[in-house]
Amino acid sequence: MNFKFPELTYSYDALEPYIDAKTMELHYSKHHKGYYEKFLAAVEGTPRAEQTLEQIFAEISDAPAAVRNNGGGYYNHCIFWESMAPNAGGTPTGNVAKAINDQWGDFENFKTEFAKAATTVFGSGFTWLVKEGSNLKIIQTKNQDNPLMDVVDGSGTPIMALDVWEHAYYIHYQNRRPEYIESWWNVVNWTEVENKYNA
Ligand code: MN
């Protein structure tokens, strides 16, 4: 099988004070690792073990719940970690900045729309910035679904992800999801979002 568990490219405390070290440690080493291991167990010895995640997600409606939930949990957190970095935040530049301005008028308006989508995910889920053709879209998904899955309304290639499960923020922010989302802009890795946009 070709599924690797990614190294975090920054330390657990690198995103302080916006995301606390304890949350990062549990989130990466317990939650994400758990999804990864359960995903491996769910596909081991099946034809899916030889497929890519993209292939699996494209026909996820045919897959057992364990593949959907844990495969999503494995992939979604990879994109989430890559969407963040220490000493990041600020405003996007380059092609992705232009695409955001074309789509939403300006960066502030985009932030408002993205935050609104993230705040209103009911229960657990993710909010995504995806690229489809040269267009950008904001997509909400429930649980560990993602925009590559054929069960999800809306499609496109994820270039940025925000995890709004309570495990992503409860230790530091308790029930204050909007405060977590507002803080999160300080750690967004626009360089990587731009890389994914250009890829
Ligand atoms: Mn999570």
# chains A, B, ... in the order shown; residues from 1 in each chain; ligands from 1

$ select_by_dssp --residues "stretch 41-158 of chain A" --states "strand (DSSP E or B)" --output "MDAnalysis selection string"
chainID A and resid 84 125:132 135:142 157:158

$ write_last_selection --atoms "C-alpha atoms" --output "compact mmCIF listing (two decimals), in the first residue's frame"
# COMPACT_ATOMS: atom_id res chain seq x y z
CA MET A 84 -1.18 26.22 8.17
CA GLY A 125 -17.06 18.95 9.45
CA PHE A 126 -14.72 20.98 7.29
CA THR A 127 -14.79 24.09 5.15
CA TRP A 128 -12.80 24.04 1.92
CA LEU A 129 -11.44 26.39 -0.66
CA VAL A 130 -11.43 24.42 -3.90
CA LYS A 131 -10.29 25.12 -7.43
CA GLU A 132 -12.41 23.99 -10.33
CA ASN A 135 -12.65 29.25 -10.53
CA LEU A 136 -12.56 29.10 -6.75
CA LYS A 137 -15.41 27.88 -4.57
CA ILE A 138 -16.09 27.52 -0.86
CA ILE A 139 -17.53 24.12 0.08
CA GLN A 140 -18.79 22.80 3.42
CA THR A 141 -18.61 19.09 4.19
CA LYS A 142 -19.92 17.04 7.09
CA THR A 157 -9.54 20.26 -6.04
CA PRO A 158 -9.00 21.24 -2.39

$ residues_near_ligand --ligand "ligand 1" --cutoff "7 Å" --atoms "only C-alpha atoms and all ligand atoms" --output "CSV table (one decimal) with all heavy atoms, in the first residue's frame"
chain,number,residue,atom,x,y,z
A,27,HIS,N,-4.4,16.2,18.2
A,27,HIS,CA,-5.1,16.2,16.9
A,27,HIS,C,-4.3,15.4,15.9
A,27,HIS,O,-4.8,14.6,15.1
A,27,HIS,CB,-5.3,17.7,16.5
A,27,HIS,CG,-6.3,17.9,15.5
A,27,HIS,ND1,-6.8,19.1,15.1
A,27,HIS,CD2,-7.1,17.0,14.7
A,27,HIS,CE1,-7.7,19.0,14.2
A,27,HIS,NE2,-7.9,17.7,13.9
A,31,HIS,N,-5.9,11.8,16.8
A,31,HIS,CA,-7.0,11.8,15.9
A,31,HIS,C,-6.6,11.4,14.5
A,31,HIS,O,-7.1,10.5,13.9
A,31,HIS,CB,-7.7,13.2,15.9
A,31,HIS,CG,-8.4,13.5,17.1
A,31,HIS,ND1,-9.7,13.1,17.4
A,31,HIS,CD2,-8.0,14.2,18.2
A,31,HIS,CE1,-10.1,13.5,18.6
A,31,HIS,NE2,-9.1,14.2,19.1
A,32,HIS,N,-5.6,12.2,14.0
A,32,HIS,CA,-5.2,11.9,12.6
A,32,HIS,C,-4.6,10.5,12.4
A,32,HIS,O,-4.9,9.8,11.5
A,32,HIS,CB,-4.2,13.0,12.1
A,32,HIS,CG,-3.9,13.0,10.6
A,32,HIS,ND1,-2.9,13.6,10.1
A,32,HIS,CD2,-4.6,12.4,9.6
A,32,HIS,CE1,-2.9,13.4,8.8
A,32,HIS,NE2,-3.9,12.7,8.4
A,77,HIS,N,-7.0,15.8,7.0
A,77,HIS,CA,-6.0,16.4,8.0
A,77,HIS,C,-4.7,16.7,7.3
A,77,HIS,O,-4.0,17.6,7.6
A,77,HIS,CB,-5.8,15.5,9.2
A,77,HIS,CG,-7.1,15.5,10.1
A,77,HIS,ND1,-8.1,14.6,10.0
A,77,HIS,CD2,-7.4,16.3,11.1
A,77,HIS,CE1,-9.0,14.9,10.9
A,77,HIS,NE2,-8.6,15.9,11.6
A,163,ASP,N,-10.6,22.7,9.6
A,163,ASP,CA,-11.3,21.6,10.4
A,163,ASP,C,-12.1,22.4,11.5
A,163,ASP,O,-11.5,23.1,12.3
A,163,ASP,CB,-10.2,20.8,11.1
A,163,ASP,CG,-10.7,19.6,11.8
A,163,ASP,OD1,-11.9,19.6,12.1
A,163,ASP,OD2,-9.9,18.7,12.1
A,165,TRP,N,-14.3,20.5,13.5
A,165,TRP,CA,-14.7,19.6,14.6
A,165,TRP,C,-14.3,20.2,15.9
A,165,TRP,O,-13.3,20.9,16.0
A,165,TRP,CB,-13.9,18.3,14.4
A,165,TRP,CG,-14.4,17.3,13.3
A,165,TRP,CD1,-14.5,17.6,12.0
A,165,TRP,CD2,-14.8,16.0,13.5
A,165,TRP,NE1,-15.0,16.5,11.3
A,165,TRP,CE2,-15.2,15.5,12.3
A,165,TRP,CE3,-14.9,15.1,14.6
A,165,TRP,CZ2,-15.6,14.2,12.1
A,165,TRP,CZ3,-15.4,13.8,14.5
A,165,TRP,CH2,-15.7,13.4,13.2
A,167,HIS,N,-12.8,18.8,18.3
A,167,HIS,CA,-11.5,18.4,18.7
A,167,HIS,C,-10.4,19.4,18.2
A,167,HIS,O,-9.3,19.4,18.7
A,167,HIS,CB,-11.2,17.0,18.4
A,167,HIS,CG,-11.1,16.6,16.9
A,167,HIS,ND1,-11.7,15.6,16.3
A,167,HIS,CD2,-10.4,17.2,15.9
A,167,HIS,CE1,-11.4,15.5,15.0
A,167,HIS,NE2,-10.6,16.5,14.7
A,168,ALA,N,-10.7,20.2,17.2
A,168,ALA,CA,-9.8,21.1,16.6
A,168,ALA,C,-9.6,22.4,17.5
A,168,ALA,O,-8.6,23.1,17.3
A,168,ALA,CB,-10.2,21.5,15.2

$ closest_residue --among "A:Gln174, A:Gln55, A:Thr191, A:Thr93" --to "A:Asp150" --atoms "only C-alpha atoms"
A:Gln55

$ closest_residue --among "A:Glu166, A:Arg68, A:Glu194, A:Glu182" --to "A:Thr23" --atoms "only C-alpha atoms"
A:Glu166

$ closest_residue --among "A:Ser29, A:Asn195, A:Thr119, A:Ser183" --to "A:Met160" --atoms "only C-alpha atoms"
A:Asn195

$ residues_around --residues "A:Ile79" --least-positions-apart "3" --cutoff "8 Å" --atoms "only C-alpha atoms" --output "ChimeraX atom specification"
/A:75-76,82-83,158-161

$ write_last_selection --atoms "N, CA and C atoms" --output "PDB file, in the first residue's frame"
ATOM      1  N   TYR A  75      -7.058  11.880   4.693  1.00  0.00           N
ATOM      2  CA  TYR A  75      -6.752  12.895   3.673  1.00  0.00           C
ATOM      3  C   TYR A  75      -7.015  14.319   4.172  1.00  0.00           C
ATOM      4  N   ASN A  76      -8.158  14.534   4.812  1.00  0.00           N
ATOM      5  CA  ASN A  76      -8.565  15.895   5.180  1.00  0.00           C
ATOM      6  C   ASN A  76      -7.553  16.551   6.105  1.00  0.00           C
ATOM      7  N   GLU A  82      -1.270  21.212   5.981  1.00  0.00           N
ATOM      8  CA  GLU A  82      -0.558  21.970   4.939  1.00  0.00           C
ATOM      9  C   GLU A  82      -1.128  23.375   4.757  1.00  0.00           C
ATOM     10  N   SER A  83      -2.352  23.573   5.204  1.00  0.00           N
ATOM     11  CA  SER A  83      -2.980  24.895   5.087  1.00  0.00           C
ATOM     12  C   SER A  83      -2.463  25.862   6.141  1.00  0.00           C
ATOM     13  N   PRO A 158      -9.227  20.464  -3.620  1.00  0.00           N
ATOM     14  CA  PRO A 158      -9.001  21.238  -2.392  1.00  0.00           C
ATOM     15  C   PRO A 158      -7.645  21.947  -2.416  1.00  0.00           C
ATOM     16  N   ILE A 159      -7.646  23.245  -2.121  1.00  0.00           N
ATOM     17  CA  ILE A 159      -6.376  23.968  -1.982  1.00  0.00           C
ATOM     18  C   ILE A 159      -6.209  24.548  -0.573  1.00  0.00           C
ATOM     19  N   MET A 160      -7.256  24.463   0.246  1.00  0.00           N
ATOM     20  CA  MET A 160      -7.166  24.930   1.640  1.00  0.00           C
ATOM     21  C   MET A 160      -8.307  24.275   2.422  1.00  0.00           C
ATOM     22  N   ALA A 161      -8.017  23.867   3.668  1.00  0.00           N
ATOM     23  CA  ALA A 161      -9.044  23.219   4.489  1.00  0.00           C
ATOM     24  C   ALA A 161      -9.010  23.776   5.901  1.00  0.00           C
TER      25      ALA A 161
END
